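Asks: I am attaching a structure below and will ask some questions about it afterwards.
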There are 2 protein chains.
Amino acid sequence: MSAKRCVGAQSICFAEDIYVLGRAAVVGKKEGNGPLRSFFDEIDETDLFGGENWNDAESRMMQKAAAMAIRKAGLTPKQIRLLFAGDLLGQLLASSFGAGEMPIPFLGVYGACSTMGESLLLASMAVGGGFADCAAAVTSSHFASAEKEFRFPLGYGNQRPLAATWTVTGSGALVVGDKTALERSRTQAEESESVRKERGGVQVVISGGTIGRVTDYGVKDKANMGACMAPAAAAVVEAHLQDFQRKPEDYDKIITGDLGKVGAEIFADLLGQKGYRVESVQEDCGLLIYDNELQDTHSGGSGCGCSAVTLAGYLLDKLYEGEFQRILFVPTGALLSPVSANEGSTIPGIAHAVVLERKKGGN
Amino acid sequence: MSAKRCVGAQSICFAEDIYVLGRAAVVGKKEGNGPLRSFFDEIDETDLFGGENWNDAESRMMQKAAAMAIRKAGLTPKQIRLLFAGDLLGQLLASSFGAGEMPIPFLGVYGACSTMGESLLLASMAVGGGFADCAAAVTSSHFASAEKEFRFPLGYGNQRPLAATWTVTGSGALVVGDKTALERSRTQAEESESVRKERGGVQVVISGGTIGRVTDYGVKDKANMGACMAPAAAAVVEAHLQDFQRKPEDYDKIITGDLGKVGAEIFADLLGQKGYRVESVQEDCGLLIYDNELQDTHSGGSGCGCSAVTLAGYLLDKLYEGEFQRILFVPTGALLSPVSANEGSTIPGIAHAVVLERKKGGN
């Protein structure tokens, strides 16, 4: 065990810098009409992305995001050594079919809406451990495929309670790599992300993270997933701050995945009980992505794509621009399945935390 | 990029030994009546494992296997730094609920029946990369929950074509660790796996692997998954042999996951076309686990549990005993979902290869 890479009880850090080499956020119409519009790379007004049905649409959206992030990294798909991807659908339908079009060794991951945290940490670990010079992390969700999977097909026109969140139609992709990959990215691409940002001498690095445990407070309401996930998010942030011996203020932002209004309050309360005041730095991707009043999205956005596109678009922009120096990205997942929900089971939550930092001077 | 850890186009190897510290195979009645009976740690004649329904049964089976492997490693759950687990059910129902009972940071993975290959490689990479001193890889499948998920509830009594495989009710768990963890395992356990085996001075190590790509030959027959997966298995074995510059005879056995009779023939044919004769070293977990004539299992066993229990039971026994010195374990997965199958989509396959070696003298 390299002491440098294990931190505390459940955290890891990277001895050498893991660079964000490329990123892309591809979304649907509703997301394109929301407050983060200008941060997305592509908006499909049809939500179909050229697909024949909703899961096909999601696969194509995921492919678009992955291909764009790789292109923006100045790399070709064959130069990506590993692809970590996941989505909300049973048997990772969208990712499996999406990955099938790419000549990249594929590892499917599932952590419900926390999947971007999981895939980004695993991609970074693969690079940090020396098993890949660069790797991609891609996740997706689609409102229509998720409604069909977990609730009702859209045609039913069912009503939604106010605690419910709205599944984001979007796919976010990040390519991460080591110094060698960064150099290659610089050499190969004229207009690559790394080159463009490098003009300002700025890189964003993934410097560590905390892997969450499954946390179950016994909540059974699948229309209130924020409440199901908030305990897991609070637990992983508490573990993170303890492991790294940091305070909430050591981050410009602590951004949860998709707790929504209801969940975000519970999250802050739970951390408050442990002596951590997070309100001043707290954000939630689910609350950033829509205008909940104007867009009728109730408690906010959710889905694997929610935190993924918010990170790949908005959060990384703010890091590159210098508005944020260091953030803690905490995607949150509700581990329910249609079967478990119909059987009346509780909905356990999980969350993982990833530290992203702005670095001036590149290396 | 550490040149030592990246091999060829899609393979990895471990600079330091990754030891198998503990292992357990828990199965149902049919598996307990099969030829590998004596290699399993626990057989539940009810197939329910104390659960209330089939997915609950699978969660409990998975917990049993994980707990037993950890105990046999001479460790406690809190000493396991990471748990990689997956199953066949939508949203990893069995693993998510199973992991919820364990105080271990959890990363859900999905590769259909290849999941043991994926989780074992990721656990080994986490250890080899210095992010964990020890990690567990656990996968499960259950005949009754899989039939309900993918085909028909058991009560329907549907007929099965001869190319169909029988989903194994079983969960296999491995705990892997570095030298520090091996020492701790030796110290803490009197009857631990490592101690028991150490009497003969023998350890089994994971020395490398090859990560597969999604491979789709356009087969659509979900009752013939061997044919869907064989191209992926052949492709990953070919890549492995090229990356490591080895011949099939460099392995005592090349053991695919669950190609079954039909798939195993296609696998050998495809590799034969590439100039690799594997027949003399080829085995298939799906053909080992049942007596297909006596047990009416048609083309053989399948499911995440099939390769997992065959590895945790039979294959590791043979390695410790010295009948095998080095094997290539190649779990194979068919990336179909009930939705994709009903939509008439093709069934892409994936497979990952893991090298396990017997090592005399421990270090």
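Chain labels run A, B, ... following the order of the structure tokens; each chain numbers its residues from 1, and ligands are numbered from 1 in the order shown.
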Can you pull out the residues contacting Ile206 (chain B)? Cut-off 8 Å, using only C-alpha atoms, and skip same-chain residues under 3 positions away; I want them as a list in words.

Replies: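 Close residues of Ile206 (chain B): Phe14, Asp17, Ile18, Tyr19, Val20, Ser124, Val354, Val355, Leu356 and Glu357 of chain B.
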
Asks: What residues in chain B lie within 7 Å of chain A, counting only C-alpha atoms, written as a PDB file with N, CA, C and O atoms, in the first residue's frame?

Replies:
ATOM      1  N   MET B   1       2.531   7.452 -17.432  1.00  0.00           N
ATOM      2  CA  MET B   1       2.225   6.028 -17.665  1.00  0.00           C
ATOM      3  C   MET B   1       3.405   5.165 -17.235  1.00  0.00           C
ATOM      4  O   MET B   1       4.523   5.371 -17.684  1.00  0.00           O
ATOM      5  N   SER B   2       3.124   4.250 -16.336  1.00  0.00           N
ATOM      6  CA  SER B   2       4.154   3.305 -15.940  1.00  0.00           C
ATOM      7  C   SER B   2       4.204   2.195 -16.986  1.00  0.00           C
ATOM      8  O   SER B   2       3.258   1.440 -17.152  1.00  0.00           O
ATOM      9  N   ARG B   5       3.093  -1.300 -16.160  1.00  0.00           N
ATOM     10  CA  ARG B   5       1.717  -1.671 -15.868  1.00  0.00           C
ATOM     11  C   ARG B   5       0.807  -1.675 -17.084  1.00  0.00           C
ATOM     12  O   ARG B   5      -0.287  -2.213 -17.022  1.00  0.00           O
ATOM     13  N   CYS B   6       1.222  -1.034 -18.163  1.00  0.00           N
ATOM     14  CA  CYS B   6       0.462  -1.087 -19.407  1.00  0.00           C
ATOM     15  C   CYS B   6       1.171  -2.050 -20.343  1.00  0.00           C
ATOM     16  O   CYS B   6       2.364  -1.914 -20.601  1.00  0.00           O
ATOM     17  N   GLN B  10      -4.292  -3.315 -24.923  1.00  0.00           N
ATOM     18  CA  GLN B  10      -5.401  -3.267 -23.982  1.00  0.00           C
ATOM     19  C   GLN B  10      -5.178  -4.112 -22.722  1.00  0.00           C
ATOM     20  O   GLN B  10      -6.131  -4.502 -22.068  1.00  0.00           O
ATOM     21  N   ILE B  12      -2.982  -5.046 -18.949  1.00  0.00           N
ATOM     22  CA  ILE B  12      -2.301  -4.480 -17.793  1.00  0.00           C
ATOM     23  C   ILE B  12      -1.550  -5.589 -17.075  1.00  0.00           C
ATOM     24  O   ILE B  12      -1.883  -6.773 -17.191  1.00  0.00           O
ATOM     25  N   ARG B  81     -10.990  -2.251   2.061  1.00  0.00           N
ATOM     26  CA  ARG B  81     -11.053  -0.829   1.714  1.00  0.00           C
ATOM     27  C   ARG B  81     -12.043  -0.530   0.596  1.00  0.00           C
ATOM     28  O   ARG B  81     -12.623   0.550   0.555  1.00  0.00           O
ATOM     29  N   LEU B  88     -26.806  -9.432 -12.311  1.00  0.00           N
ATOM     30  CA  LEU B  88     -27.506  -9.306 -13.590  1.00  0.00           C
ATOM     31  C   LEU B  88     -28.763  -8.455 -13.526  1.00  0.00           C
ATOM     32  O   LEU B  88     -29.303  -8.060 -14.557  1.00  0.00           O
ATOM     33  N   GLY B  90     -31.593  -5.526 -12.991  1.00  0.00           N
ATOM     34  CA  GLY B  90     -31.672  -4.104 -13.308  1.00  0.00           C
ATOM     35  C   GLY B  90     -31.240  -3.280 -12.111  1.00  0.00           C
ATOM     36  O   GLY B  90     -31.594  -3.583 -10.963  1.00  0.00           O
ATOM     37  N   GLN B  91     -30.400  -2.236 -12.376  1.00  0.00           N
ATOM     38  CA  GLN B  91     -29.918  -1.348 -11.322  1.00  0.00           C
ATOM     39  C   GLN B  91     -29.164  -2.115 -10.219  1.00  0.00           C
ATOM     40  O   GLN B  91     -29.119  -1.695  -9.067  1.00  0.00           O
ATOM     41  N   LEU B  93     -29.683  -4.643  -8.418  1.00  0.00           N
ATOM     42  CA  LEU B  93     -30.524  -4.783  -7.227  1.00  0.00           C
ATOM     43  C   LEU B  93     -29.879  -5.662  -6.154  1.00  0.00           C
ATOM     44  O   LEU B  93     -29.817  -5.288  -4.973  1.00  0.00           O
ATOM     45  N   SER B  96     -26.600  -3.962  -4.699  1.00  0.00           N
ATOM     46  CA  SER B  96     -26.849  -2.716  -3.979  1.00  0.00           C
ATOM     47  C   SER B  96     -27.404  -3.013  -2.589  1.00  0.00           C
ATOM     48  O   SER B  96     -26.964  -2.437  -1.596  1.00  0.00           O
ATOM     49  N   ALA B  99     -24.684  -4.954  -0.533  1.00  0.00           N
ATOM     50  CA  ALA B  99     -23.591  -4.095  -0.072  1.00  0.00           C
ATOM     51  C   ALA B  99     -24.040  -3.182   1.053  1.00  0.00           C
ATOM     52  O   ALA B  99     -23.224  -2.765   1.889  1.00  0.00           O
ATOM     53  N   GLY B 100     -25.328  -2.862   1.077  1.00  0.00           N
ATOM     54  CA  GLY B 100     -25.859  -1.978   2.118  1.00  0.00           C
ATOM     55  C   GLY B 100     -25.673  -2.514   3.519  1.00  0.00           C
ATOM     56  O   GLY B 100     -25.692  -1.761   4.497  1.00  0.00           O
ATOM     57  N   PRO B 103     -20.068  -2.436   5.885  1.00  0.00           N
ATOM     58  CA  PRO B 103     -19.486  -1.104   6.075  1.00  0.00           C
ATOM     59  C   PRO B 103     -18.273  -0.878   5.183  1.00  0.00           C
ATOM     60  O   PRO B 103     -17.197  -0.513   5.652  1.00  0.00           O
ATOM     61  N   ILE B 104     -18.433  -1.112   3.892  1.00  0.00           N
ATOM     62  CA  ILE B 104     -17.300  -1.051   2.970  1.00  0.00           C
ATOM     63  C   ILE B 104     -17.638  -0.096   1.828  1.00  0.00           C
ATOM     64  O   ILE B 104     -18.709  -0.228   1.224  1.00  0.00           O
ATOM     65  N   PRO B 105     -16.735   0.848   1.515  1.00  0.00           N
ATOM     66  CA  PRO B 105     -16.958   1.696   0.337  1.00  0.00           C
ATOM     67  C   PRO B 105     -17.240   0.835  -0.889  1.00  0.00           C
ATOM     68  O   PRO B 105     -16.537  -0.143  -1.152  1.00  0.00           O
ATOM     69  N   PHE B 106     -18.294   1.219  -1.625  1.00  0.00           N
ATOM     70  CA  PHE B 106     -18.880   0.325  -2.623  1.00  0.00           C
ATOM     71  C   PHE B 106     -18.850   0.934  -4.018  1.00  0.00           C
ATOM     72  O   PHE B 106     -19.262   2.066  -4.226  1.00  0.00           O
ATOM     73  N   LEU B 107     -18.393   0.144  -4.972  1.00  0.00           N
ATOM     74  CA  LEU B 107     -18.412   0.557  -6.370  1.00  0.00           C
ATOM     75  C   LEU B 107     -19.121  -0.523  -7.177  1.00  0.00           C
ATOM     76  O   LEU B 107     -18.606  -1.642  -7.317  1.00  0.00           O
ATOM     77  N   GLY B 108     -20.288  -0.201  -7.680  1.00  0.00           N
ATOM     78  CA  GLY B 108     -21.071  -1.172  -8.450  1.00  0.00           C
ATOM     79  C   GLY B 108     -20.556  -1.280  -9.874  1.00  0.00           C
ATOM     80  O   GLY B 108     -20.237  -0.275 -10.491  1.00  0.00           O
ATOM     81  N   VAL B 109     -20.457  -2.503 -10.374  1.00  0.00           N
ATOM     82  CA  VAL B 109     -19.974  -2.702 -11.739  1.00  0.00           C
ATOM     83  C   VAL B 109     -20.933  -3.619 -12.486  1.00  0.00           C
ATOM     84  O   VAL B 109     -21.600  -4.462 -11.892  1.00  0.00           O
ATOM     85  N   TYR B 110     -20.996  -3.443 -13.810  1.00  0.00           N
ATOM     86  CA  TYR B 110     -21.854  -4.305 -14.600  1.00  0.00           C
ATOM     87  C   TYR B 110     -21.174  -4.691 -15.898  1.00  0.00           C
ATOM     88  O   TYR B 110     -20.781  -3.826 -16.691  1.00  0.00           O
ATOM     89  N   GLY B 111     -21.051  -5.967 -16.115  1.00  0.00           N
ATOM     90  CA  GLY B 111     -20.548  -6.476 -17.385  1.00  0.00           C
ATOM     91  C   GLY B 111     -21.276  -7.756 -17.729  1.00  0.00           C
ATOM     92  O   GLY B 111     -20.694  -8.668 -18.290  1.00  0.00           O
ATOM     93  N   GLU B 118     -14.431  -8.252 -14.589  1.00  0.00           N
ATOM     94  CA  GLU B 118     -14.323  -6.805 -14.408  1.00  0.00           C
ATOM     95  C   GLU B 118     -14.046  -6.440 -12.958  1.00  0.00           C
ATOM     96  O   GLU B 118     -13.136  -5.651 -12.666  1.00  0.00           O
ATOM     97  N   GLY B 129      -2.469  -0.236  -7.807  1.00  0.00           N
ATOM     98  CA  GLY B 129      -2.222   1.189  -7.967  1.00  0.00           C
ATOM     99  C   GLY B 129      -1.955   1.903  -6.656  1.00  0.00           C
ATOM    100  O   GLY B 129      -1.672   3.093  -6.643  1.00  0.00           O
ATOM    101  N   GLY B 130      -2.091   1.167  -5.542  1.00  0.00           N
ATOM    102  CA  GLY B 130      -1.814   1.761  -4.242  1.00  0.00           C
ATOM    103  C   GLY B 130      -2.980   2.491  -3.610  1.00  0.00           C
ATOM    104  O   GLY B 130      -2.816   3.222  -2.644  1.00  0.00           O
ATOM    105  N   PHE B 131      -4.203   2.287  -4.154  1.00  0.00           N
ATOM    106  CA  PHE B 131      -5.371   2.986  -3.625  1.00  0.00           C
ATOM    107  C   PHE B 131      -6.091   2.182  -2.541  1.00  0.00           C
ATOM    108  O   PHE B 131      -7.052   2.649  -1.939  1.00  0.00           O
ATOM    109  N   ALA B 132      -5.658   0.951  -2.344  1.00  0.00           N
ATOM    110  CA  ALA B 132      -6.269   0.096  -1.323  1.00  0.00           C
ATOM    111  C   ALA B 132      -5.242  -0.971  -0.967  1.00  0.00           C
ATOM    112  O   ALA B 132      -4.501  -1.425  -1.848  1.00  0.00           O
ATOM    113  N   ASP B 133      -5.163  -1.325   0.309  1.00  0.00           N
ATOM    114  CA  ASP B 133      -4.296  -2.456   0.650  1.00  0.00           C
ATOM    115  C   ASP B 133      -5.005  -3.768   0.357  1.00  0.00           C
ATOM    116  O   ASP B 133      -4.376  -4.755  -0.001  1.00  0.00           O
ATOM    117  N   ASP B 178      -2.360  -6.559  -1.093  1.00  0.00           N
ATOM    118  CA  ASP B 178      -0.921  -6.435  -1.314  1.00  0.00           C
ATOM    119  C   ASP B 178      -0.157  -7.158  -0.195  1.00  0.00           C
ATOM    120  O   ASP B 178      -0.757  -7.835   0.646  1.00  0.00           O
ATOM    121  N   THR B 180       1.348  -6.044   2.441  1.00  0.00           N
ATOM    122  CA  THR B 180       0.954  -5.600   3.784  1.00  0.00           C
ATOM    123  C   THR B 180      -0.300  -6.332   4.231  1.00  0.00           C
ATOM    124  O   THR B 180      -0.396  -6.799   5.371  1.00  0.00           O
ATOM    125  N   ILE B 211      -8.486  -6.081 -20.837  1.00  0.00           N
ATOM    126  CA  ILE B 211      -9.836  -5.537 -20.744  1.00  0.00           C
ATOM    127  C   ILE B 211     -10.465  -5.536 -22.132  1.00  0.00           C
ATOM    128  O   ILE B 211      -9.872  -5.041 -23.093  1.00  0.00           O
ATOM    129  N   GLY B 212     -11.650  -6.127 -22.203  1.00  0.00           N
ATOM    130  CA  GLY B 212     -12.284  -6.355 -23.496  1.00  0.00           C
ATOM    131  C   GLY B 212     -13.069  -5.174 -24.018  1.00  0.00           C
ATOM    132  O   GLY B 212     -13.432  -4.263 -23.276  1.00  0.00           O
ATOM    133  N   ARG B 213     -13.303  -5.211 -25.321  1.00  0.00           N
ATOM    134  CA  ARG B 213     -14.165  -4.233 -25.967  1.00  0.00           C
ATOM    135  C   ARG B 213     -15.530  -4.875 -26.227  1.00  0.00           C
ATOM    136  O   ARG B 213     -15.641  -6.092 -26.308  1.00  0.00           O
ATOM    137  N   VAL B 214     -16.535  -4.054 -26.359  1.00  0.00           N
ATOM    138  CA  VAL B 214     -17.851  -4.567 -26.744  1.00  0.00           C
ATOM    139  C   VAL B 214     -17.757  -5.067 -28.188  1.00  0.00           C
ATOM    140  O   VAL B 214     -17.229  -4.381 -29.057  1.00  0.00           O
ATOM    141  N   THR B 215     -18.225  -6.291 -28.406  1.00  0.00           N
ATOM    142  CA  THR B 215     -18.102  -6.926 -29.717  1.00  0.00           C
ATOM    143  C   THR B 215     -19.482  -7.415 -30.143  1.00  0.00           C
ATOM    144  O   THR B 215     -20.150  -8.121 -29.394  1.00  0.00           O
ATOM    145  N   LEU B 335     -24.518  -8.510 -23.426  1.00  0.00           N
ATOM    146  CA  LEU B 335     -25.047  -7.210 -23.010  1.00  0.00           C
ATOM    147  C   LEU B 335     -26.461  -6.989 -23.549  1.00  0.00           C
ATOM    148  O   LEU B 335     -26.714  -6.071 -24.316  1.00  0.00           O
ATOM    149  N   LEU B 336     -27.362  -7.823 -23.082  1.00  0.00           N
ATOM    150  CA  LEU B 336     -28.756  -7.606 -23.457  1.00  0.00           C
ATOM    151  C   LEU B 336     -29.537  -7.142 -22.247  1.00  0.00           C
ATOM    152  O   LEU B 336     -29.153  -7.388 -21.110  1.00  0.00           O
ATOM    153  N   SER B 337     -30.612  -6.444 -22.498  1.00  0.00           N
ATOM    154  CA  SER B 337     -31.542  -6.120 -21.423  1.00  0.00           C
ATOM    155  C   SER B 337     -32.904  -6.586 -21.895  1.00  0.00           C
ATOM    156  O   SER B 337     -33.106  -6.818 -23.093  1.00  0.00           O
TER     157      SER B 337
END

Asks: Give me, as an mmCIF file with N, CA and C atoms, in the first residue's frame, all polymer residues having an atom no more than 9 Å from Lys30 (chain A), counting only C-alpha atoms and skipping those fewer than 6 positions away in the same chain.

Replies:
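And here is the file that came out, out-v8.cif:
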data_model
loop_
_atom_site.group_PDB
_atom_site.id
_atom_site.type_symbol
_atom_site.label_atom_id
_atom_site.label_comp_id
_atom_site.auth_asym_id
_atom_site.auth_seq_id
_atom_site.Cartn_x
_atom_site.Cartn_y
_atom_site.Cartn_z
ATOM 1 N N GLU A 45 -32.783 19.651 -30.027
ATOM 2 C CA GLU A 45 -34.152 20.121 -29.759
ATOM 3 C C GLU A 45 -35.168 18.994 -29.866
ATOM 4 N N ASP A 47 -34.593 15.833 -28.777
ATOM 5 C CA ASP A 47 -34.313 14.854 -27.724
ATOM 6 C C ASP A 47 -34.028 13.454 -28.267
ATOM 7 N N VAL A 168 -32.691 14.455 -16.064
ATOM 8 C CA VAL A 168 -32.016 15.253 -17.087
ATOM 9 C C VAL A 168 -31.757 14.409 -18.332
ATOM 10 N N THR A 169 -32.062 14.972 -19.496
ATOM 11 C CA THR A 169 -31.646 14.371 -20.755
ATOM 12 C C THR A 169 -30.281 14.959 -21.077
ATOM 13 N N TYR A 290 -31.947 23.552 -13.966
ATOM 14 C CA TYR A 290 -33.238 24.075 -14.440
ATOM 15 C C TYR A 290 -33.626 25.327 -13.655
ATOM 16 N N GLN A 295 -39.605 26.277 -15.369
ATOM 17 C CA GLN A 295 -39.575 25.041 -16.162
ATOM 18 C C GLN A 295 -40.388 23.902 -15.553
#

Asks: As a ChimeraX atom specification, please: every residue in region 62-264 of chain B that DSSP puts in alpha helix (DSSP H).

Replies: /B:62-72,93-99,115-128,143-150,179-188,193-198,225-244,260-264

Asks: Quick one: residues within 9 Å of region 322-333 of chain B, only C-alpha atoms, excluding same-chain residues fewer than 6 positions away - as an MDAnalysis selection string?

Replies: chainID B and resid 111:118 202 209 225:226 228:230 232:233 236:237 250:259 284:285 303:304 306:308 311 315:316 348:359

Asks: Please produce an output containing C-alpha atoms for each residue in the selection, written as a compact mmCIF listing (two decimals), in the first residue's frame.

Replies:
# COMPACT_ATOMS: atom_id res chain seq x y z
CA GLY B 111 -20.55 -6.48 -17.38
CA ALA B 112 -23.35 -9.04 -17.53
CA CYS B 113 -21.83 -12.49 -16.94
CA SER B 114 -18.33 -11.05 -17.38
CA THR B 115 -18.73 -9.08 -14.16
CA MET B 116 -16.38 -11.28 -12.11
CA GLY B 117 -13.62 -10.51 -14.59
CA GLU B 118 -14.32 -6.81 -14.41
CA VAL B 202 1.83 -21.42 -1.75
CA GLY B 209 -5.23 -9.05 -17.43
CA MET B 225 -26.06 -16.29 -25.70
CA GLY B 226 -22.97 -18.43 -26.20
CA CYS B 228 -23.39 -13.72 -28.82
CA MET B 229 -20.43 -13.81 -26.43
CA ALA B 230 -17.98 -16.08 -28.27
CA ALA B 232 -15.93 -11.06 -27.60
CA ALA B 233 -14.17 -13.91 -25.78
CA VAL B 236 -10.02 -10.56 -25.80
CA VAL B 237 -8.00 -13.79 -25.74
CA ASP B 250 1.59 -20.87 -21.85
CA TYR B 251 -1.57 -21.46 -19.83
CA ASP B 252 -2.59 -24.70 -18.18
CA LYS B 253 -6.14 -23.69 -18.86
CA ILE B 254 -7.92 -20.92 -20.70
CA ILE B 255 -11.32 -20.91 -19.03
CA THR B 256 -14.16 -18.94 -20.56
CA GLY B 257 -17.11 -17.87 -18.44
CA ASP B 258 -20.31 -19.30 -19.75
CA LEU B 259 -20.13 -19.85 -23.46
CA ASP B 284 -15.74 -23.30 -19.87
CA CYS B 285 -17.20 -22.62 -16.43
CA GLY B 303 -24.81 -15.89 -15.03
CA CYS B 304 -22.44 -13.66 -13.07
CA CYS B 306 -21.25 -19.14 -12.82
CA SER B 307 -17.67 -18.08 -13.45
CA ALA B 308 -17.42 -16.53 -9.97
CA LEU B 311 -13.16 -19.57 -9.87
CA LEU B 315 -10.16 -23.17 -10.16
CA LEU B 316 -8.46 -21.69 -7.11
CA PRO B 348 -23.38 -7.41 -28.05
CA GLY B 349 -20.85 -9.39 -26.03
CA ILE B 350 -17.97 -8.48 -23.78
CA ALA B 351 -15.24 -10.47 -22.03
CA HIS B 352 -12.28 -9.70 -19.83
CA ALA B 353 -9.23 -11.89 -19.22
CA VAL B 354 -7.48 -12.30 -15.86
CA VAL B 355 -4.19 -14.14 -15.30
CA LEU B 356 -3.97 -16.12 -12.06
CA GLU B 357 -0.70 -17.81 -11.12
CA ARG B 358 0.49 -20.18 -8.45
CA LYS B 359 3.46 -18.86 -6.59

Asks: Out of region 181-299 of chain B, which residues get strand (DSSP E) from DSSP, as a list of chain:residue names?

Replies: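 Selecting the strand (DSSP E) positions of region 181-299 of chain B gives B:Val202, B:Gln203, B:Val204, B:Val205, B:Ile206, B:Ser207, B:Gly208, B:Gly209, B:Thr210, B:Lys253, B:Ile254, B:Ile255, B:Thr256, B:Gln282, B:Glu283, B:Asp284.
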
Asks: Give me a file of those residues, with N, CA and C atoms, as a JSON list (two decimals), in the first residue's frame.

Replies:
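Once written, again09.json looks like this:
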[["chain", "number", "residue", "atom", "x", "y", "z"],
["B", 202, "VAL", "N", 2.38, -21.77, -0.43],
["B", 202, "VAL", "CA", 1.83, -21.42, -1.75],
["B", 202, "VAL", "C", 0.90, -20.21, -1.66],
["B", 203, "GLN", "N", 1.02, -19.31, -2.60],
["B", 203, "GLN", "CA", 0.05, -18.25, -2.77],
["B", 203, "GLN", "C", -0.44, -18.26, -4.21],
["B", 204, "VAL", "N", -1.64, -17.72, -4.41],
["B", 204, "VAL", "CA", -2.09, -17.48, -5.77],
["B", 204, "VAL", "C", -2.11, -15.97, -5.97],
["B", 205, "VAL", "N", -1.52, -15.53, -7.07],
["B", 205, "VAL", "CA", -1.46, -14.09, -7.34],
["B", 205, "VAL", "C", -2.17, -13.79, -8.67],
["B", 206, "ILE", "N", -2.68, -12.56, -8.73],
["B", 206, "ILE", "CA", -3.24, -12.05, -9.98],
["B", 206, "ILE", "C", -2.14, -11.23, -10.62],
["B", 207, "SER", "N", -1.69, -11.66, -11.79],
["B", 207, "SER", "CA", -0.49, -11.03, -12.33],
["B", 207, "SER", "C", -0.77, -10.10, -13.51],
["B", 208, "GLY", "N", -1.99, -10.14, -14.03],
["B", 208, "GLY", "CA", -2.29, -9.24, -15.13],
["B", 208, "GLY", "C", -3.64, -9.51, -15.72],
["B", 209, "GLY", "N", -3.95, -8.83, -16.80],
["B", 209, "GLY", "CA", -5.23, -9.05, -17.43],
["B", 209, "GLY", "C", -5.39, -8.23, -18.69],
["B", 210, "THR", "N", -6.49, -8.49, -19.37],
["B", 210, "THR", "CA", -6.80, -7.77, -20.60],
["B", 210, "THR", "C", -8.26, -7.35, -20.55],
["B", 253, "LYS", "N", -4.75, -23.73, -18.42],
["B", 253, "LYS", "CA", -6.14, -23.69, -18.86],
["B", 253, "LYS", "C", -6.48, -22.28, -19.31],
["B", 254, "ILE", "N", -7.26, -22.18, -20.36],
["B", 254, "ILE", "CA", -7.92, -20.92, -20.70],
["B", 254, "ILE", "C", -9.40, -21.20, -20.49],
["B", 255, "ILE", "N", -9.97, -20.54, -19.48],
["B", 255, "ILE", "CA", -11.32, -20.91, -19.03],
["B", 255, "ILE", "C", -12.28, -19.77, -19.30],
["B", 256, "THR", "N", -13.14, -19.95, -20.28],
["B", 256, "THR", "CA", -14.16, -18.94, -20.56],
["B", 256, "THR", "C", -15.26, -19.03, -19.51],
["B", 282, "GLN", "N", -8.59, -25.48, -23.41],
["B", 282, "GLN", "CA", -9.87, -24.77, -23.26],
["B", 282, "GLN", "C", -10.82, -25.44, -22.28],
["B", 283, "GLU", "N", -11.39, -24.65, -21.39],
["B", 283, "GLU", "CA", -12.48, -25.10, -20.53],
["B", 283, "GLU", "C", -13.52, -23.99, -20.50],
["B", 284, "ASP", "N", -14.69, -24.30, -20.00],
["B", 284, "ASP", "CA", -15.74, -23.30, -19.87],
["B", 284, "ASP", "C", -16.46, -23.53, -18.55]]

Asks: Quick one, how far is CA of Leu75 (chain B) from CA of Arg184 (chain B)?

Replies: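 So the two atoms, CA of Leu75 (chain B) and CA of Arg184 (chain B), lie 8.0 Å apart.
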
Asks: Could you jot down the CA of Asp41 (chain A) to CA of Ala146 (chain A) separation for me, Å, one decimal place?

Replies: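 Result for CA of Asp41 (chain A) versus CA of Ala146 (chain A): 22.5 Å, one decimal.
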
Asks: Counting only C-alpha atoms, figure out which residue out of A:Ala227, A:Ala135, A:Ile70, A:Ala164 gets nearest to Asp269 (chain A).

Replies: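 Ranking A:Ala227, A:Ala135, A:Ile70, A:Ala164 by distance to Asp269 (chain A), first place goes to A:Ala227.
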
Asks: Using only C-alpha atoms, determine which residues lie at most 10 Å from Arg277 (chain B), disregarding the query and same-chain residues fewer than 6 positions distant; provide the list as a list in words.

Replies: Lys247, Pro248, Glu249, Ala268, Asp269, Leu270 and Leu271 of chain B

Asks: Closest to Ala67 (chain A) among A:Gly172, A:Gly50, A:Gly155, A:Gly34, using only C-alpha atoms?

Replies: A:Gly172
